[in-house]
Each structure stands twice: as C-alpha cells, then as structure tokens.
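Asks: So here's data_5.pdb, just PDB, C-alpha atoms:
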MODEL        1
ATOM      1  CA  MET A 275      -7.643  22.103   9.626  1.00  0.00           C
ATOM      2  CA  THR A 276      -4.126  21.503  10.882  1.00  0.00           C
ATOM      3  CA  LEU A 277      -2.954  19.050  13.511  1.00  0.00           C
ATOM      4  CA  HIS A 278       0.376  19.564  15.269  1.00  0.00           C
ATOM      5  CA  PHE A 279       2.356  17.108  17.378  1.00  0.00           C
ATOM      6  CA  HIS A 280       5.208  17.870  19.739  1.00  0.00           C
ATOM      7  CA  ARG A 281       7.463  15.506  21.680  1.00  0.00           C
ATOM      8  CA  ASN A 282       7.880  16.913  25.216  1.00  0.00           C
ATOM      9  CA  PRO A 283      11.102  16.712  27.279  1.00  0.00           C
ATOM     10  CA  ASP A 284       9.382  14.324  29.727  1.00  0.00           C
ATOM     11  CA  GLY A 285       8.720  11.823  26.884  1.00  0.00           C
ATOM     12  CA  THR A 286       5.034  12.605  26.470  1.00  0.00           C
ATOM     13  CA  THR A 287       3.491  13.805  23.209  1.00  0.00           C
ATOM     14  CA  THR A 288       1.208  16.807  22.914  1.00  0.00           C
ATOM     15  CA  GLY A 289      -1.125  17.236  19.971  1.00  0.00           C
ATOM     16  CA  ARG A 290      -3.229  20.256  19.048  1.00  0.00           C
ATOM     17  CA  ASN A 291      -6.073  20.753  16.598  1.00  0.00           C
ATOM     18  CA  ASP A 292      -5.753  24.366  15.388  1.00  0.00           C
ATOM     19  CA  ALA A 293      -9.340  24.424  14.114  1.00  0.00           C
ATOM     20  CA  ASN A 294     -10.951  24.129  17.548  1.00  0.00           C
ATOM     21  CA  GLY A 295      -8.065  24.410  20.020  1.00  0.00           C
ATOM     22  CA  PHE A 296      -8.422  20.844  21.279  1.00  0.00           C
ATOM     23  CA  THR A 297      -5.151  19.812  22.927  1.00  0.00           C
ATOM     24  CA  VAL A 298      -4.156  16.420  24.300  1.00  0.00           C
ATOM     25  CA  THR A 299      -1.004  15.179  26.035  1.00  0.00           C
ATOM     26  CA  HIS A 300      -0.346  11.473  26.425  1.00  0.00           C
ATOM     27  CA  ALA A 301       2.534   9.219  27.422  1.00  0.00           C
ATOM     28  CA  GLU A 302       2.057   7.177  24.229  1.00  0.00           C
ATOM     29  CA  GLU A 303       2.537   9.073  20.974  1.00  0.00           C
ATOM     30  CA  GLU A 304       0.125   6.870  18.995  1.00  0.00           C
ATOM     31  CA  GLU A 305      -2.622   7.346  21.583  1.00  0.00           C
ATOM     32  CA  ALA A 306      -2.197  11.140  21.372  1.00  0.00           C
ATOM     33  CA  LYS A 307      -2.470  10.874  17.581  1.00  0.00           C
ATOM     34  CA  ARG A 308      -5.558   8.645  17.794  1.00  0.00           C
ATOM     35  CA  LEU A 309      -7.327  11.060  20.151  1.00  0.00           C
ATOM     36  CA  LEU A 310      -6.495  14.077  17.997  1.00  0.00           C
ATOM     37  CA  TYR A 311      -7.614  12.337  14.798  1.00  0.00           C
ATOM     38  CA  GLU A 312     -10.853  11.339  16.550  1.00  0.00           C
ATOM     39  CA  ASP A 313     -11.427  14.953  17.596  1.00  0.00           C
ATOM     40  CA  ALA A 314     -10.830  16.112  14.013  1.00  0.00           C
ATOM     41  CA  GLY A 315     -13.264  13.518  12.644  1.00  0.00           C
ATOM     42  CA  TRP A 316     -10.517  11.803  10.703  1.00  0.00           C
ATOM     43  CA  GLU A 317      -9.963   8.069  10.471  1.00  0.00           C
ATOM     44  CA  TYR A 318      -6.943   6.988  12.471  1.00  0.00           C
ATOM     45  CA  THR A 319      -4.878   4.109  11.120  1.00  0.00           C
ATOM     46  CA  PRO A 320      -2.335   2.741  13.585  1.00  0.00           C
ATOM     47  CA  PRO A 321       1.176   2.039  12.307  1.00  0.00           C
ATOM     48  CA  VAL A 322       1.948  -1.478  11.145  1.00  0.00           C
ATOM     49  CA  PRO A 323       3.904  -3.730  13.499  1.00  0.00           C
ATOM     50  CA  PRO A 324       7.644  -4.111  12.854  1.00  0.00           C
ATOM     51  CA  GLY A 325       8.296  -6.444   9.922  1.00  0.00           C
ATOM     52  CA  PHE A 326       4.899  -5.743   8.324  1.00  0.00           C
ATOM     53  CA  HIS A 327       3.965  -3.431   5.443  1.00  0.00           C
ATOM     54  CA  ARG A 328       0.660  -1.829   4.422  1.00  0.00           C
ATOM     55  CA  PHE A 329      -0.139  -1.590   0.691  1.00  0.00           C
ATOM     56  CA  SER A 330      -2.889  -2.065  -1.862  1.00  0.00           C
ATOM     57  CA  LEU A 331      -2.797  -4.346  -4.878  1.00  0.00           C
ATOM     58  CA  VAL A 332      -5.028  -3.772  -7.881  1.00  0.00           C
ATOM     59  CA  HIS A 333      -6.034  -6.035 -10.748  1.00  0.00           C
ATOM     60  CA  ASP A 334      -7.363  -3.875 -13.538  1.00  0.00           C
ATOM     61  CA  GLU A 335      -7.288  -6.302 -16.461  1.00  0.00           C
ATOM     62  CA  PHE A 336     -11.051  -6.883 -16.198  1.00  0.00           C
ATOM     63  CA  ARG A 337     -11.864  -3.245 -15.463  1.00  0.00           C
ATOM     64  CA  ALA A 338     -14.894  -3.321 -17.747  1.00  0.00           C
ATOM     65  CA  VAL A 339     -16.649  -5.898 -15.526  1.00  0.00           C
ATOM     66  CA  GLY A 340     -15.389  -4.670 -12.160  1.00  0.00           C
ATOM     67  CA  PHE A 341     -15.118  -6.018  -8.650  1.00  0.00           C
ATOM     68  CA  GLY A 342     -18.084  -8.423  -8.810  1.00  0.00           C
ATOM     69  CA  ASP A 343     -16.810 -10.390 -11.811  1.00  0.00           C
ATOM     70  CA  GLU A 344     -17.007 -14.151 -11.256  1.00  0.00           C
ATOM     71  CA  ARG A 345     -13.290 -14.517 -12.017  1.00  0.00           C
ATOM     72  CA  TYR A 346     -12.633 -12.841  -8.645  1.00  0.00           C
ATOM     73  CA  ALA A 347     -15.028 -15.066  -6.657  1.00  0.00           C
ATOM     74  CA  GLY A 348     -12.298 -17.316  -5.231  1.00  0.00           C
ATOM     75  CA  LEU A 349     -10.082 -14.379  -4.307  1.00  0.00           C
ATOM     76  CA  ARG A 350     -12.995 -12.537  -2.687  1.00  0.00           C
ATOM     77  CA  ALA A 351     -13.808 -15.669  -0.657  1.00  0.00           C
ATOM     78  CA  ARG A 352     -10.202 -16.620   0.200  1.00  0.00           C
ATOM     79  CA  PRO A 353      -7.897 -13.601   0.024  1.00  0.00           C
ATOM     80  CA  PRO A 354      -4.304 -13.940   1.232  1.00  0.00           C
ATOM     81  CA  GLU A 355      -3.944 -13.647   4.997  1.00  0.00           C
ATOM     82  CA  GLY A 356      -3.728  -9.992   5.954  1.00  0.00           C
ATOM     83  CA  CYS A 357      -5.575  -8.805   2.820  1.00  0.00           C
ATOM     84  CA  VAL A 358      -9.155  -7.600   2.394  1.00  0.00           C
ATOM     85  CA  PRO A 359     -10.896  -7.376  -1.019  1.00  0.00           C
ATOM     86  CA  VAL A 360     -12.174  -3.869  -1.841  1.00  0.00           C
ATOM     87  CA  ASP A 361     -14.141  -2.386  -4.721  1.00  0.00           C
ATOM     88  CA  TRP A 362     -12.232   0.478  -6.335  1.00  0.00           C
ATOM     89  CA  GLY A 363     -14.290   0.264  -9.515  1.00  0.00           C
ATOM     90  CA  CYS A 364     -12.020  -2.691 -10.198  1.00  0.00           C
ATOM     91  CA  PHE A 365     -10.767  -5.506  -8.000  1.00  0.00           C
ATOM     92  CA  ALA A 366      -8.296  -4.504  -5.287  1.00  0.00           C
ATOM     93  CA  LEU A 367      -6.813  -5.911  -2.096  1.00  0.00           C
ATOM     94  CA  GLU A 368      -5.847  -3.792   0.891  1.00  0.00           C
ATOM     95  CA  CYS A 369      -3.055  -5.667   2.624  1.00  0.00           C
ATOM     96  CA  GLU A 370      -0.949  -5.633   5.758  1.00  0.00           C
ATOM     97  CA  ARG A 371       1.622  -8.351   5.191  1.00  0.00           C
ATOM     98  CA  PRO A 372       5.008  -9.443   6.537  1.00  0.00           C
ATOM     99  CA  GLY A 373       8.242  -8.932   4.654  1.00  0.00           C
ATOM    100  CA  LYS A 374      11.824  -7.799   5.119  1.00  0.00           C
ATOM    101  CA  THR A 375      10.995  -4.824   2.895  1.00  0.00           C
ATOM    102  CA  LEU A 376       7.889  -3.451   1.232  1.00  0.00           C
ATOM    103  CA  LEU A 377       8.972  -4.962  -2.093  1.00  0.00           C
ATOM    104  CA  ASP A 378       9.425  -8.344  -0.397  1.00  0.00           C
ATOM    105  CA  ALA A 379       5.896  -8.181   1.075  1.00  0.00           C
ATOM    106  CA  VAL A 380       4.396  -7.125  -2.281  1.00  0.00           C
ATOM    107  CA  ALA A 381       6.275  -9.839  -4.205  1.00  0.00           C
ATOM    108  CA  GLY A 382       5.149 -12.532  -1.759  1.00  0.00           C
ATOM    109  CA  THR A 383       1.539 -11.430  -2.002  1.00  0.00           C
ATOM    110  CA  VAL A 384       1.575 -11.167  -5.813  1.00  0.00           C
ATOM    111  CA  ALA A 385       3.114 -14.666  -6.014  1.00  0.00           C
ATOM    112  CA  GLU A 386       0.516 -16.120  -3.633  1.00  0.00           C
ATOM    113  CA  VAL A 387      -2.404 -14.603  -5.565  1.00  0.00           C
ATOM    114  CA  ARG A 388      -0.944 -15.866  -8.839  1.00  0.00           C
ATOM    115  CA  ARG A 389      -0.307 -19.356  -7.455  1.00  0.00           C
ATOM    116  CA  GLU A 390      -3.631 -19.745  -5.619  1.00  0.00           C
ATOM    117  CA  HIS A 391      -5.991 -17.857  -7.950  1.00  0.00           C
ATOM    118  CA  GLY A 392      -4.277 -17.529 -11.328  1.00  0.00           C
ATOM    119  CA  LEU A 393      -4.382 -13.715 -11.324  1.00  0.00           C
ATOM    120  CA  VAL A 394      -1.425 -11.369 -11.571  1.00  0.00           C
ATOM    121  CA  MET A 395      -2.091  -8.247  -9.528  1.00  0.00           C
ATOM    122  CA  ASN A 396      -0.687  -5.552 -11.785  1.00  0.00           C
ATOM    123  CA  SER A 397      -0.759  -2.309  -9.818  1.00  0.00           C
ATOM    124  CA  LEU A 398      -0.424  -0.777  -6.373  1.00  0.00           C
ATOM    125  CA  GLY A 399      -3.011   1.824  -7.291  1.00  0.00           C
ATOM    126  CA  VAL A 400      -0.551   4.720  -7.323  1.00  0.00           C
ATOM    127  CA  GLU A 401      -2.495   7.360  -9.244  1.00  0.00           C
ATOM    128  CA  LYS A 402       0.321   9.661 -10.333  1.00  0.00           C
ATOM    129  CA  PRO A 403       3.732   8.097  -9.773  1.00  0.00           C
ATOM    130  CA  GLU A 404       6.115  10.914  -8.948  1.00  0.00           C
ATOM    131  CA  GLU A 405       9.853  11.083  -8.400  1.00  0.00           C
ATOM    132  CA  ARG A 406       9.659  11.660  -4.642  1.00  0.00           C
ATOM    133  CA  LEU A 407      12.755  10.022  -3.271  1.00  0.00           C
ATOM    134  CA  ASP A 408      13.777  12.824  -0.939  1.00  0.00           C
ATOM    135  CA  ALA A 409      13.210  12.150   2.765  1.00  0.00           C
ATOM    136  CA  ASP A 410      11.562   8.817   2.048  1.00  0.00           C
ATOM    137  CA  THR A 411      12.487   5.459   3.456  1.00  0.00           C
ATOM    138  CA  LYS A 412      13.178   2.238   1.622  1.00  0.00           C
ATOM    139  CA  ASP A 413       9.672   1.104   2.580  1.00  0.00           C
ATOM    140  CA  GLY A 414       7.786   4.400   2.126  1.00  0.00           C
ATOM    141  CA  HIS A 415       5.920   6.028  -0.746  1.00  0.00           C
ATOM    142  CA  ALA A 416       8.902   5.818  -3.099  1.00  0.00           C
ATOM    143  CA  ALA A 417       9.024   2.026  -2.615  1.00  0.00           C
ATOM    144  CA  LYS A 418       5.296   1.781  -3.377  1.00  0.00           C
ATOM    145  CA  THR A 419       5.916   3.748  -6.560  1.00  0.00           C
ATOM    146  CA  VAL A 420       8.754   1.391  -7.575  1.00  0.00           C
ATOM    147  CA  ALA A 421       6.593  -1.707  -6.954  1.00  0.00           C
ATOM    148  CA  HIS A 422       3.683  -0.110  -8.824  1.00  0.00           C
ATOM    149  CA  LEU A 423       5.806   0.781 -11.849  1.00  0.00           C
ATOM    150  CA  VAL A 424       7.446  -2.664 -12.005  1.00  0.00           C
ATOM    151  CA  LEU A 425       4.056  -4.434 -11.855  1.00  0.00           C
ATOM    152  CA  LYS A 426       2.595  -2.105 -14.499  1.00  0.00           C
ATOM    153  CA  ALA A 427       5.669  -2.582 -16.714  1.00  0.00           C
ATOM    154  CA  ALA A 428       5.464  -6.375 -16.406  1.00  0.00           C
ATOM    155  CA  HIS A 429       1.749  -6.332 -17.240  1.00  0.00           C
ATOM    156  CA  ARG A 430       2.142  -4.048 -20.234  1.00  0.00           C
ATOM    157  CA  ALA A 431       5.215  -5.921 -21.502  1.00  0.00           C
ATOM    158  CA  ARG A 432       3.234  -9.184 -21.436  1.00  0.00           C
ATOM    159  CA  LEU A 433       0.395  -7.557 -23.405  1.00  0.00           C
ATOM    160  CA  LEU A 434       2.939  -6.437 -26.028  1.00  0.00           C
ATOM    161  CA  GLY A 435       4.506  -9.888 -26.285  1.00  0.00           C
ATOM    162  CA  TYR A 436       7.661  -9.281 -24.264  1.00  0.00           C
ATOM    163  CA  GLY A 437       8.775 -12.019 -21.913  1.00  0.00           C
ATOM    164  CA  ARG A 438      10.676 -12.294 -18.658  1.00  0.00           C
ATOM    165  CA  LYS A 439      14.036 -12.503 -20.427  1.00  0.00           C
ATOM    166  CA  ASP A 440      13.349  -9.235 -22.234  1.00  0.00           C
ATOM    167  CA  LEU A 441      12.576  -7.433 -18.983  1.00  0.00           C
ATOM    168  CA  VAL A 442      15.520  -8.973 -17.117  1.00  0.00           C
ATOM    169  CA  ARG A 443      17.826  -7.989 -19.979  1.00  0.00           C
ATOM    170  CA  LEU A 444      16.577  -4.402 -19.704  1.00  0.00           C
ATOM    171  CA  LEU A 445      17.070  -4.362 -15.905  1.00  0.00           C
ATOM    172  CA  ASP A 446      20.557  -5.831 -16.303  1.00  0.00           C
ATOM    173  CA  ALA A 447      21.383  -3.191 -18.918  1.00  0.00           C
ATOM    174  CA  ALA A 448      20.232  -0.495 -16.470  1.00  0.00           C
ATOM    175  CA  GLY A 449      22.798  -1.737 -13.966  1.00  0.00           C
ATOM    176  CA  ILE A 450      20.511  -3.166 -11.272  1.00  0.00           C
ATOM    177  CA  GLU A 451      22.758  -5.072  -8.859  1.00  0.00           C
TER     178      GLU A 451
ENDMDL
END
Will you turn the file into structure tokens for me?

Replies:
Amino acid sequence: MTLHFHRNPDGTTTGRNDANGFTVTHAEEEEAKRLLYEDAGWEYTPPVPPGFHRFSLVHDEFRAVGFGDERYAGLRARPPEGCVPVDWGCFALECERPGKTLLDAVAGTVAEVRREHGLVMNSLGVEKPEERLDADTKDGHAAKTVAHLVLKAAHRARLLGYGRKDLVRLLDAAGIE
C-alpha cells in the first residue's frame, strides 16, 4: 500500500491511497495525512509542537527481569512529564519532551530519571544504528542514533571500569568542539 501527498497551488494538500483509490483534499496538511492514514488503517501520530522532540529511552540493565521489576516501580508511578512507561520486554519510556535540540531533550530526561529514580537510561532503542546522515536534520533519525550510541558507550564503558574522564578524553581526542 502506498500513500501519496501533493501540495496544491491553492495551498491545500491532496492525499491518495493507491490501494483503494481513496483521495482527500484538505486545507490543513496534517488533517489530510490523518484522514489518509485512517483510511489505510494505520496509526497517525501528529508532529510534535515546535521546541519538543519525540524519542524513546530504554533501560536494559535488568533485562532478565523485565518491565515489571520492582526497581522500576517508582518510575512507572512517576515518570518524567511527557513520558509514558512501556513494556518492550525491558523497561522503556516513550517521551515527548522540550529541548533546543533532540540531544538536549534526551540529556534532560536522562538526567531527571537519574536524579529522581537512580537509573541511567542507556539506550534509545535504535535496533541497527546506521550511518544515515544524508537528508536528515539535526533532530531527526541521525540525532537519535548519535544519542543512542553515546548512551550505549557510556553504559558499556562504566561496566568495563572506564570513567567520565576517559570518555571525555576520547571525545576531545576525536576533535569534538
């Protein structure tokens, strides 16, 4: 099934579902998308408001015990504002949080969870991090991959006995400005 969207000269947006021929034109692009997704039987997720970012955070240190582990009780009961606990076979949060950039929103959320609940969320749940920097924005998939890899690296470094200074020294050596 393929959905197509076209911006019309009059400012409206037309969408078409090739599978059944359903076509909709609407003055608001997001409403045209919502209606077409609904017709296709797909879940529609509206875009985040300006200054907000949508991401998932995963804590997989206790993977053997999973989402219901008592160590997550406080975080399940009082997640950060804009986050919802979800069971991914491990503990995860689906978040829509404010920040100047995606990395800023992720860092603020990780810090809040660590401060309030004593857990370091160590992944964004990116299954296969790829080098997809072409045509991506600073806050798109590539940014999620960067945040994911940094959190995973920090977690694994800690398990191996490396500290903050070791990681900062490596970042400095790599020329991060």

Asks: Taking 5 positions as the minimum chain separation for residues in the same chain, which residues sit within 7 Å of A:Met395 when counting all atoms listed in the file? Answer as a PDB file with C-alpha atoms, keeping the file's coordinate frame.

Replies:
ATOM      1  CA  LEU A 331      -2.797  -4.346  -4.878  1.00  0.00           C
ATOM      2  CA  VAL A 332      -5.028  -3.772  -7.881  1.00  0.00           C
ATOM      3  CA  HIS A 333      -6.034  -6.035 -10.748  1.00  0.00           C
ATOM      4  CA  VAL A 384       1.575 -11.167  -5.813  1.00  0.00           C
TER       5      VAL A 384
END

Asks: Counting all atoms listed in the file, which residue out of A:Asp284, A:Glu303, A:Asp378, A:Asp292 sits closest to A:Asp413?

Replies: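 Once distances to A:Asp413 are computed over all atoms listed in the file, the minimum belongs to A:Asp378.
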
Asks: Enumerate, as a tab-separated table (two decimals) with C-alpha atoms, in the frame of the given file, the residues matched when the PyMOL selection byres ((chain A and resi 364) around 12) is run on the file above.

Replies:
chain	number	residue	atom	x	y	z
A	331	LEU	CA	-2.80	-4.35	-4.88
A	332	VAL	CA	-5.03	-3.77	-7.88
A	333	HIS	CA	-6.03	-6.04	-10.75
A	334	ASP	CA	-7.36	-3.88	-13.54
A	335	GLU	CA	-7.29	-6.30	-16.46
A	336	PHE	CA	-11.05	-6.88	-16.20
A	337	ARG	CA	-11.86	-3.24	-15.46
A	338	ALA	CA	-14.89	-3.32	-17.75
A	339	VAL	CA	-16.65	-5.90	-15.53
A	340	GLY	CA	-15.39	-4.67	-12.16
A	341	PHE	CA	-15.12	-6.02	-8.65
A	342	GLY	CA	-18.08	-8.42	-8.81
A	343	ASP	CA	-16.81	-10.39	-11.81
A	346	TYR	CA	-12.63	-12.84	-8.64
A	359	PRO	CA	-10.90	-7.38	-1.02
A	360	VAL	CA	-12.17	-3.87	-1.84
A	361	ASP	CA	-14.14	-2.39	-4.72
A	362	TRP	CA	-12.23	0.48	-6.34
A	363	GLY	CA	-14.29	0.26	-9.52
A	365	PHE	CA	-10.77	-5.51	-8.00
A	366	ALA	CA	-8.30	-4.50	-5.29
A	367	LEU	CA	-6.81	-5.91	-2.10
A	395	MET	CA	-2.09	-8.25	-9.53
A	396	ASN	CA	-0.69	-5.55	-11.78
A	397	SER	CA	-0.76	-2.31	-9.82
A	399	GLY	CA	-3.01	1.82	-7.29

Asks: Taking the file above as input, evaluate the PyMOL selection byres ((chain A and resi 312-326) around 7) and report the hits as a ChimeraX atom specification.

Replies: /A:308-311,327-328,370-374

Asks: Those same residues, written as a PDB file, in the coordinates of the input with C-alpha atoms?

Replies:
ATOM      1  CA  ARG A 308      -5.558   8.645  17.794  1.00  0.00           C
ATOM      2  CA  LEU A 309      -7.327  11.060  20.151  1.00  0.00           C
ATOM      3  CA  LEU A 310      -6.495  14.077  17.997  1.00  0.00           C
ATOM      4  CA  TYR A 311      -7.614  12.337  14.798  1.00  0.00           C
ATOM      5  CA  HIS A 327       3.965  -3.431   5.443  1.00  0.00           C
ATOM      6  CA  ARG A 328       0.660  -1.829   4.422  1.00  0.00           C
ATOM      7  CA  GLU A 370      -0.949  -5.633   5.758  1.00  0.00           C
ATOM      8  CA  ARG A 371       1.622  -8.351   5.191  1.00  0.00           C
ATOM      9  CA  PRO A 372       5.008  -9.443   6.537  1.00  0.00           C
ATOM     10  CA  GLY A 373       8.242  -8.932   4.654  1.00  0.00           C
ATOM     11  CA  LYS A 374      11.824  -7.799   5.119  1.00  0.00           C
TER      12      LYS A 374
END

Asks: Mind pulling up the distance from atom CA of A:Ala421 to atom CA of A:Ile450?

Replies: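 That distance, rounded to one decimal, is 14.6 Å.
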
Asks: Of the candidates A:Leu349, A:Ala301, A:Leu377, A:Cys357, which shows the shortest atom-to-atom distance to A:Val420, using all atoms listed in the file?

Replies: A:Leu377

Asks: Could you tell me how far atom CA of A:Lys412 lies from atom CA of A:Thr375, in Å and to one decimal?

Replies: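 Between atom CA of A:Lys412 and atom CA of A:Thr375 the gap works out to 7.5 Å.
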
Asks: Quick one: pull the distance between atom CA of A:Val400 and atom CA of A:Ala381, Å, one decimal.

Replies: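 Separation of atom CA of A:Val400 and atom CA of A:Ala381: 16.4 Å.
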
Asks: Output as JSON the centre and edge lengths (Å, one decimal) of the box along x, y and z of the file that holds every listed atom of stretch 307-316 of chain A after adding 6 Å on each side.

Replies:
{"center_x": -7.9, "center_y": 12.4, "center_z": 15.4, "size_x": 22.8, "size_y": 19.5, "size_z": 21.4}

Asks: Using only C-alpha atoms, can you tell me which of A:Ala427, A:Glu390, A:Tyr436, A:Leu376 comes closest to A:Gly414?

Replies: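 Among A:Ala427, A:Glu390, A:Tyr436, A:Leu376, it is A:Leu376 that comes nearest to A:Gly414.
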
Asks: Which one is closest to A:Leu393: A:Gly348, A:Pro283, A:Gly437, A:Gly356? Count all atoms listed in the file.

Replies: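 For A:Leu393, the nearest of the given residues is A:Gly348.
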